[in-house]
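Raw contents of start13.cif, mmCIF, C-alpha atoms:
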```cif
data_start
#
loop_
_atom_site.label_atom_id
_atom_site.label_comp_id
_atom_site.auth_asym_id
_atom_site.auth_seq_id
_atom_site.Cartn_x
_atom_site.Cartn_y
_atom_site.Cartn_z
CA MET A 1 127.99 75.15 78.87
CA ASP A 2 124.66 73.74 77.75
CA PRO A 3 122.51 76.64 76.38
CA VAL A 4 119.51 75.66 78.51
CA ILE A 5 121.60 75.52 81.69
CA LYS A 6 123.28 78.77 80.72
CA GLY A 7 119.89 80.41 80.21
CA ARG A 8 118.65 79.19 83.58
CA CYS A 9 121.78 80.49 85.32
CA GLU A 10 121.35 83.88 83.65
CA ILE A 11 117.74 84.05 84.80
CA GLN A 12 118.75 83.15 88.35
CA TRP A 13 121.45 85.81 88.49
CA LEU A 14 119.12 88.32 86.87
CA LEU A 15 116.42 87.65 89.41
CA ALA A 16 118.90 87.95 92.26
CA ASP A 17 120.13 91.29 90.90
CA ALA A 18 116.57 92.51 90.45
CA CYS A 19 115.63 91.60 94.00
CA TRP A 20 118.70 93.23 95.50
CA ILE A 21 118.16 96.44 93.56
CA LEU A 22 114.48 96.41 94.41
CA LEU A 23 115.24 95.89 98.09
CA LEU A 24 118.24 98.19 98.46
CA GLY A 25 118.15 100.76 95.70
CA THR A 26 121.06 102.76 94.37
CA ALA A 27 120.23 106.40 95.07
CA PHE A 28 121.04 108.67 97.96
CA GLY A 29 118.07 108.05 100.21
CA SER A 30 118.41 104.31 100.77
CA THR A 31 119.81 102.70 103.86
CA ASN A 32 123.31 101.26 103.74
CA ILE A 33 124.14 97.56 104.05
CA THR A 34 125.91 96.68 107.29
CA ARG A 35 127.35 93.45 108.64
CA VAL A 36 125.62 93.86 111.98
CA GLN A 37 122.96 91.21 112.64
CA ASN A 38 119.88 93.13 113.81
CA PRO A 39 117.49 91.27 116.15
CA GLU A 40 114.57 91.79 113.75
CA ALA A 41 116.31 89.75 111.06
CA ASP A 42 114.88 86.52 112.45
CA MET A 43 111.43 87.88 113.39
CA ASN A 44 108.09 87.73 111.63
CA ILE A 45 105.99 90.84 111.06
CA SER A 46 104.06 90.61 114.32
CA GLN A 47 107.27 90.11 116.29
CA ILE A 48 108.93 93.12 114.66
CA ILE A 49 105.95 95.34 115.47
CA SER A 50 105.97 94.17 119.10
CA TYR A 51 109.77 94.47 119.32
CA TRP A 52 109.47 98.21 118.73
CA GLY A 53 106.79 98.54 121.40
CA TYR A 54 103.70 98.82 119.19
CA PRO A 55 100.44 96.84 119.47
CA SER A 56 100.15 94.14 116.83
CA GLU A 57 97.23 92.20 115.37
CA LYS A 58 97.18 89.57 112.62
CA TYR A 59 94.20 88.31 110.63
CA ASP A 60 93.56 85.76 107.92
CA VAL A 61 91.30 87.03 105.13
CA LYS A 62 89.70 84.61 102.68
CA THR A 63 89.16 85.72 99.10
CA GLU A 64 86.21 84.74 96.93
CA ASP A 65 88.46 82.33 94.99
CA GLY A 66 89.84 80.61 98.09
CA PHE A 67 93.17 82.29 98.93
CA ILE A 68 93.98 82.98 102.58
CA LEU A 69 95.75 86.31 102.92
CA GLY A 70 97.75 87.42 105.94
CA VAL A 71 96.80 90.95 107.03
CA PHE A 72 98.63 92.82 109.79
CA ARG A 73 97.46 95.74 111.90
CA ILE A 74 99.02 98.42 114.10
CA PRO A 75 95.87 99.85 115.67
CA TYR A 76 97.58 102.80 117.34
CA GLY A 77 100.98 104.25 118.15
CA LYS A 78 103.04 104.25 121.31
CA ARG A 79 101.94 107.72 122.39
CA ASN A 80 98.24 107.82 121.53
CA SER A 81 96.68 104.64 122.92
CA ASN A 82 94.13 106.67 124.92
CA GLN A 83 92.75 108.49 121.88
CA THR A 84 88.94 108.28 121.93
CA ALA A 85 88.13 109.83 118.55
CA GLN A 86 87.72 107.51 115.56
CA ARG A 87 91.09 106.95 113.94
CA PRO A 88 91.64 107.31 110.19
CA VAL A 89 92.18 103.87 108.66
CA VAL A 90 95.20 103.61 106.37
CA TYR A 91 95.86 100.53 104.25
CA LEU A 92 99.39 99.87 102.91
CA GLN A 93 99.89 97.61 99.87
CA HIS A 94 103.38 96.42 98.93
CA GLY A 95 104.78 95.86 95.44
CA MET A 96 106.26 92.90 93.61
CA PHE A 97 108.88 90.61 95.26
CA VAL A 98 108.29 92.06 98.74
CA SER A 99 105.67 91.73 101.47
CA ALA A 100 104.07 93.82 104.21
CA SER A 101 107.32 93.60 106.17
CA ILE A 102 108.79 96.28 103.89
CA TRP A 103 106.63 98.93 105.65
CA ILE A 104 108.38 98.22 108.98
CA ALA A 105 111.87 97.40 107.72
CA ASN A 106 113.43 100.57 109.13
CA PRO A 107 113.38 101.72 112.76
CA PRO A 108 110.10 103.41 113.76
CA GLU A 109 111.20 106.95 112.99
CA SER A 110 111.77 106.10 109.31
CA SER A 111 109.17 103.36 108.69
CA LEU A 112 105.92 104.65 107.23
CA ALA A 113 103.66 102.19 109.08
CA PHE A 114 105.04 103.21 112.47
CA ALA A 115 104.97 106.90 111.59
CA LEU A 116 101.31 106.67 110.59
CA ALA A 117 100.44 104.84 113.80
CA ASP A 118 102.25 107.45 115.91
CA ALA A 119 100.33 110.17 114.06
CA GLY A 120 97.05 108.67 115.24
CA CYS A 121 96.16 106.33 112.34
CA ASP A 122 94.82 102.79 112.43
CA VAL A 123 97.36 101.10 110.14
CA TRP A 124 96.72 97.92 108.15
CA MET A 125 99.21 96.11 105.91
CA GLY A 126 98.15 93.58 103.28
CA ASN A 127 100.00 90.75 101.57
CA SER A 128 99.31 89.75 97.99
CA ARG A 129 98.60 86.12 97.16
CA GLY A 130 101.73 84.06 96.69
CA THR A 131 103.87 86.09 99.09
CA VAL A 132 105.34 84.43 102.14
CA TRP A 133 102.43 85.51 104.39
CA SER A 134 99.70 84.57 101.88
CA ARG A 135 100.53 81.05 100.72
CA LYS A 136 97.40 79.23 101.83
CA HIS A 137 94.34 78.20 99.84
CA THR A 138 91.15 76.38 100.73
CA HIS A 139 91.72 73.76 97.98
CA TYR A 140 95.22 74.04 96.50
CA SER A 141 98.68 73.77 98.02
CA PRO A 142 101.61 75.90 96.85
CA GLU A 143 102.93 72.77 95.10
CA SER A 144 99.94 72.82 92.75
CA PRO A 145 100.19 74.73 89.44
CA LYS A 146 96.60 75.87 90.01
CA PHE A 147 97.71 77.74 93.12
CA TRP A 148 100.04 79.90 91.01
CA ALA A 149 97.62 80.57 88.13
CA PHE A 150 97.30 84.27 88.90
CA SER A 151 98.70 87.69 88.11
CA PHE A 152 97.88 91.15 89.42
CA ASP A 153 94.45 90.72 87.75
CA GLU A 154 93.40 88.39 90.54
CA MET A 155 95.00 90.61 93.17
CA ALA A 156 92.79 93.45 91.91
CA LYS A 157 89.66 91.35 91.45
CA TYR A 158 89.82 89.26 94.62
CA ASP A 159 92.59 90.26 97.05
CA LEU A 160 91.87 93.97 97.39
CA PRO A 161 88.06 93.72 97.72
CA ALA A 162 88.33 90.92 100.29
CA THR A 163 91.00 92.70 102.32
CA LEU A 164 89.57 96.21 102.21
CA ASN A 165 86.02 95.08 102.96
CA PHE A 166 87.31 93.03 105.89
CA ILE A 167 89.13 96.08 107.28
CA LEU A 168 86.15 98.40 106.88
CA ASN A 169 83.84 95.90 108.53
CA LYS A 170 86.29 95.34 111.37
CA THR A 171 86.74 99.07 112.01
CA SER A 172 83.09 100.01 111.36
CA GLN A 173 84.18 102.76 109.02
CA GLU A 174 82.77 103.77 105.64
CA GLN A 175 86.05 104.69 103.95
CA LEU A 176 89.79 104.26 104.27
CA TYR A 177 93.00 105.69 102.83
CA TYR A 178 94.80 103.44 100.35
CA LEU A 179 98.57 103.73 99.97
CA GLY A 180 100.40 101.55 97.47
CA HIS A 181 103.94 101.25 96.16
CA SER A 182 104.88 99.99 92.68
CA GLN A 183 102.68 96.98 91.87
CA GLY A 184 100.63 97.98 94.90
CA THR A 185 99.52 100.93 92.76
CA THR A 186 99.01 98.71 89.70
CA THR A 187 96.51 96.51 91.49
CA ALA A 188 94.73 99.59 92.79
CA PHE A 189 94.47 101.18 89.33
CA ALA A 190 93.05 97.90 88.01
CA ALA A 191 90.62 97.48 90.92
CA PHE A 192 89.42 101.08 91.07
CA SER A 193 88.83 101.22 87.31
CA THR A 194 86.63 98.11 87.33
CA ASN A 195 84.99 98.09 90.77
CA PRO A 196 83.07 101.32 91.45
CA THR A 197 81.66 99.96 94.72
CA LEU A 198 85.17 99.43 96.06
CA SER A 199 86.27 102.82 94.70
CA SER A 200 83.52 104.56 96.64
CA ARG A 201 85.07 103.29 99.86
CA ILE A 202 88.47 104.90 99.21
CA LYS A 203 88.91 108.37 100.67
CA LEU A 204 92.29 109.05 99.05
CA PHE A 205 94.64 106.93 96.95
CA PHE A 206 98.32 107.60 97.68
CA ALA A 207 100.47 106.19 94.85
CA LEU A 208 104.23 105.87 95.44
CA ALA A 209 106.28 105.07 92.32
CA PRO A 210 103.16 104.10 90.31
CA VAL A 211 103.43 101.59 87.45
CA VAL A 212 100.95 100.80 84.66
CA SER A 213 103.41 100.66 81.75
CA VAL A 214 107.08 99.76 81.40
CA GLN A 215 108.17 100.86 77.91
CA TYR A 216 110.68 103.36 79.33
CA SER A 217 111.77 101.21 82.26
CA LYS A 218 115.39 100.10 82.60
CA GLY A 219 117.54 97.76 84.65
CA PRO A 220 117.25 94.14 85.85
CA LEU A 221 113.48 94.19 86.41
CA LYS A 222 112.95 95.35 82.84
CA ALA A 223 115.32 92.62 81.63
CA LEU A 224 113.50 90.04 83.75
CA ILE A 225 110.09 90.72 82.21
CA SER A 226 111.68 90.77 78.73
CA ILE A 227 112.67 87.08 78.92
CA PRO A 228 110.70 84.95 76.40
CA THR A 229 107.66 83.26 77.91
CA PRO A 230 108.80 79.64 77.26
CA ILE A 231 112.01 80.29 79.19
CA LEU A 232 110.12 82.08 81.96
CA LYS A 233 107.94 78.99 82.42
CA SER A 234 110.90 76.51 82.67
CA ARG A 235 112.45 77.26 86.09
CA LEU A 236 111.34 80.72 87.19
CA ASP A 237 108.84 79.31 89.66
CA VAL A 238 111.70 77.63 91.52
CA TYR A 239 113.86 80.75 91.50
CA LEU A 240 111.02 82.92 92.75
CA SER A 241 110.21 80.53 95.56
CA GLN A 242 113.72 81.00 96.96
CA ASN A 243 113.77 84.79 96.76
CA PRO A 244 112.14 87.60 98.74
CA ALA A 245 108.36 87.17 99.28
CA GLY A 246 107.69 85.49 95.91
CA THR A 247 105.24 85.93 93.06
CA SER A 248 103.89 83.78 90.23
CA VAL A 249 105.38 83.10 86.82
CA GLN A 250 102.05 84.20 85.37
CA ASN A 251 102.46 87.59 86.99
CA ILE A 252 105.87 88.05 85.36
CA VAL A 253 104.41 86.93 82.03
CA HIS A 254 101.62 89.49 82.47
CA TRP A 255 104.19 92.26 82.88
CA ARG A 256 105.96 90.99 79.77
CA GLN A 257 102.66 91.28 77.92
CA ILE A 258 102.28 94.89 79.07
CA LEU A 259 105.83 95.62 77.97
CA TYR A 260 105.33 94.40 74.41
CA SER A 261 101.70 95.41 73.91
CA ALA A 262 102.15 98.89 75.43
CA LYS A 263 98.66 98.43 76.90
CA PHE A 264 97.44 98.36 80.48
CA GLN A 265 95.17 95.38 80.11
CA ALA A 266 94.15 92.09 81.70
CA TYR A 267 96.19 88.93 81.28
CA ASP A 268 96.12 87.32 77.84
CA TRP A 269 95.32 83.62 78.33
CA GLY A 270 96.92 82.76 75.01
CA ASN A 271 94.05 82.14 72.59
CA PRO A 272 90.61 83.59 71.78
CA ALA A 273 88.70 80.67 73.30
CA LYS A 274 90.38 80.99 76.70
CA ASN A 275 90.03 84.76 76.67
CA MET A 276 86.35 84.36 75.82
CA ALA A 277 85.93 82.00 78.76
CA HIS A 278 87.53 84.49 81.15
CA TYR A 279 86.36 87.83 79.74
CA ASN A 280 83.50 87.07 77.35
CA GLN A 281 85.61 88.58 74.58
CA VAL A 282 88.45 87.25 72.42
CA THR A 283 91.06 89.76 73.60
CA PRO A 284 91.92 90.83 77.16
CA PRO A 285 90.01 93.96 78.22
CA LEU A 286 91.84 97.21 78.79
CA TYR A 287 91.87 98.84 82.20
CA ASP A 288 90.26 102.25 81.73
CA LEU A 289 92.16 104.71 83.91
CA GLY A 290 89.66 107.39 82.98
CA ALA A 291 86.98 105.46 84.86
CA ILE A 292 88.75 105.87 88.21
CA LYS A 293 86.72 108.15 90.47
CA VAL A 294 89.11 108.05 93.43
CA GLN A 295 91.02 111.19 94.39
CA THR A 296 94.66 110.31 93.66
CA VAL A 297 97.98 111.62 94.97
CA ILE A 298 101.25 110.64 93.30
CA TRP A 299 104.91 110.78 94.19
CA ASN A 300 107.64 109.44 91.90
CA GLY A 301 111.43 109.43 91.81
CA GLY A 302 113.61 111.10 89.23
CA GLN A 303 116.12 108.21 89.44
CA ASP A 304 113.56 105.41 89.34
CA LEU A 305 114.52 102.72 86.82
CA PHE A 306 111.26 100.75 86.95
CA ALA A 307 108.58 103.40 87.46
CA ALA A 308 110.51 105.62 85.05
CA PRO A 309 109.74 109.35 85.05
CA LYS A 310 108.55 109.16 81.41
CA GLU A 311 106.09 106.42 82.36
CA VAL A 312 104.65 108.55 85.16
CA GLU A 313 104.42 111.57 82.85
CA LYS A 314 102.30 109.46 80.48
CA LEU A 315 100.10 108.31 83.36
CA LEU A 316 99.24 111.70 84.90
CA PRO A 317 96.91 113.10 82.20
CA LYS A 318 94.92 109.85 82.15
CA LEU A 319 93.77 110.24 85.76
CA PRO A 320 90.61 112.36 86.03
CA LYS A 321 90.87 112.76 89.82
CA LEU A 322 94.55 113.64 90.24
CA LEU A 323 94.68 115.81 93.34
CA TYR A 324 98.43 116.29 93.82
CA TYR A 325 101.67 115.21 92.17
CA ARG A 326 105.33 115.64 93.05
CA LYS A 327 108.56 114.22 91.69
CA ILE A 328 111.49 113.81 94.06
CA PRO A 329 114.48 114.23 91.71
CA TYR A 330 117.04 112.07 93.54
CA TYR A 331 114.73 109.22 94.60
CA ASN A 332 114.83 105.73 93.12
CA HIS A 333 112.21 102.99 93.24
CA ILE A 334 112.89 101.74 96.76
CA ASP A 335 113.67 105.06 98.43
CA PHE A 336 109.95 105.47 99.10
CA LEU A 337 110.17 102.42 101.36
CA LEU A 338 113.69 102.47 102.82
CA GLY A 339 114.85 106.06 102.36
CA ILE A 340 116.27 107.36 105.62
CA ASP A 341 115.16 110.89 104.70
CA ALA A 342 111.57 109.83 103.88
CA PRO A 343 110.20 111.23 107.19
CA ASN A 344 111.24 114.68 106.04
CA GLU A 345 110.77 114.23 102.29
CA PHE A 346 107.16 113.05 101.90
CA PHE A 347 105.76 111.63 105.18
CA PRO A 348 104.55 115.13 106.25
CA GLU A 349 102.60 115.52 103.00
CA ILE A 350 100.82 112.22 103.54
CA LEU A 351 99.94 113.12 107.13
CA TYR A 352 98.76 116.58 106.10
CA LEU A 353 96.42 115.15 103.47
CA ILE A 354 95.04 112.56 105.90
CA ASN A 355 94.34 115.28 108.48
CA GLU A 356 92.79 117.67 105.97
CA TRP A 357 90.89 115.32 103.67
#
```

What does this structure look like when you write it as structure tokens?
Amino acid sequence: MDPVIKGRCEIQWLLADACWILLLGTAFGSTNITRVQNPEADMNISQIISYWGYPSEKYDVKTEDGFILGVFRIPYGKRNSNQTAQRPVVYLQHGMFVSASIWIANPPESSLAFALADAGCDVWMGNSRGTVWSRKHTHYSPESPKFWAFSFDEMAKYDLPATLNFILNKTSQEQLYYLGHSQGTTTAFAAFSTNPTLSSRIKLFFALAPVVSVQYSKGPLKALISIPTPILKSRLDVYLSQNPAGTSVQNIVHWRQILYSAKFQAYDWGNPAKNMAHYNQVTPPLYDLGAIKVQTVIWNGGQDLFAAPKEVEKLLPKLPKLLYYRKIPYYNHIDFLLGIDAPNEFFPEILYLINEW
């Protein structure tokens, strides 16, 4: 077989493996695959929310650099629609390769978004640029390379401020609770370390399987970001477009940079002149975790291959406002999203902190 074709095939299989593991996990808590076709399989996010009997709202949020992001809302639960007191606003941010639909993938009793709504919260779910619900731009189409010239830097700089400010304005509240999983924590760490105004509007930051470094990571996702940049830029955009939710090649390259530099820093544009144009310095700036003033709560899994326990152990002492931390020994990366025991394992802790903080 031609080496180039062989390399492309290996990337495609690797990406498929990574997505399946990311979506389904391998540890005890995850749901099992069945051959039954569930009605929700052909529904969009709004339809799934309505299917389970919850109120659903959908908004388009425009970022400063022109992306149109799909944002979904469950304003209240099925049993508390008559509540008159102001509801706590909770924002959920997904990780890489998935979208907001991951928060409602299970039946209501084991989906975090539904559980929060039933507990009296006003629940909002964002979608990062490039995912299936956020593929619109005021000037560029998804067929344009300029559309995909982003990594989690832009998600932190543009997506989160636009989305969170929209939510706070819509709800007339001063602060909200931010809950992220995987890259949803990465963008938050980047945003909160560089945007003190945004940080001041976060009441608590719940971080599930947080990731800012990947030196101790294992498995297909680690192998994926280890692929040399020239190969990544040959066909990965096509592969990603056909897989769950999607992301940019540049985002994968950014993670590769973090892997080999061992630094949590902005994207390296490839030469001093381009870096100077973007950052006013010849090297990408570091994200200073010590500058984060948001009270932070962390859960991680002892069997997590991507947000490896050693990585989280390195992260903890760098956070000046760490309020609470717990490791769930048998959890893997996706158990925090699809674990059937999640309502007993960590949902109560989240609800307790929201009620008390």

Residues of region 181-217 of chain A that approach region 324-335 of chain A to 9 Å or less, counting only C-alpha atoms: could you list each one with the shortest pair of atoms and its distance in Å to one decimal, rows by chain and increasing residue number, as a tab-separated table?
```
residue	atom	partner	partner_atom	distance
A:His181	CA	A:His333	CA	8.9
A:Ser182	CA	A:His333	CA	7.9
A:Leu208	CA	A:His333	CA	8.8
A:Ala209	CA	A:His333	CA	6.4
```

request  = May I ask for the distance between CA of Gln281 (chain A) and CA of Trp269 (chain A), given in Å to one decimal place?
outcome  =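 Between these atoms lies a distance of 11.5 Å.
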
query = Leaving out region 282-289 of chain A and any residue of its chain fewer than 6 positions from it, which residues lie within 7 Å of it when counting only C-alpha atoms, given as a PyMOL selection string?
reply = chain A and resi 189-190+193+264-268+272-273+275-276+318-319

ask   = Residues at most 12 Å from Trp255 (chain A), counting all atoms listed in the file, excluding those fewer than 6 positions away in the same chain, as JSON, numbers by chain?
value = {"A": [96, 151, 152, 153, 183, 186, 211, 212, 213, 214, 215, 217, 221, 222, 223, 224, 225, 226, 227, 228, 229, 232, 248, 249, 261, 262, 263, 264, 265, 266, 267, 268, 306]}

task = Apply the PyMOL selection byres ((chain A and resi 122) around 10) to the file shown and report the selected residues as JSON, numbers by chain.
result = {"A": [73, 74, 75, 76, 77, 86, 87, 88, 89, 90, 91, 113, 116, 117, 118, 119, 120, 121, 123, 124, 171, 176]}

query = Could you name the residues that touch Gln175 (chain A) at 10 Å or less, counting all atoms listed in the file, but leaving out those on the same chain fewer than 2 positions away, as a list of chain:residue names?
reply =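 Non-adjacent residues within range: A:Pro88, A:Val89, A:Val90, A:Leu164, A:Asn165, A:Ile167, A:Leu168, A:Thr171, A:Ser172, A:Gln173, A:Tyr177, A:Tyr178, A:Leu198, A:Ser199, A:Ser200, A:Arg201, A:Ile202, A:Lys203, A:Leu204.
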
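Checking A:Asn280, A:Thr194, A:Ser144, A:Ser110 one by one against Gly339 (chain A), counting all atoms listed in the file, you find the shortest gap at A:Ser110.
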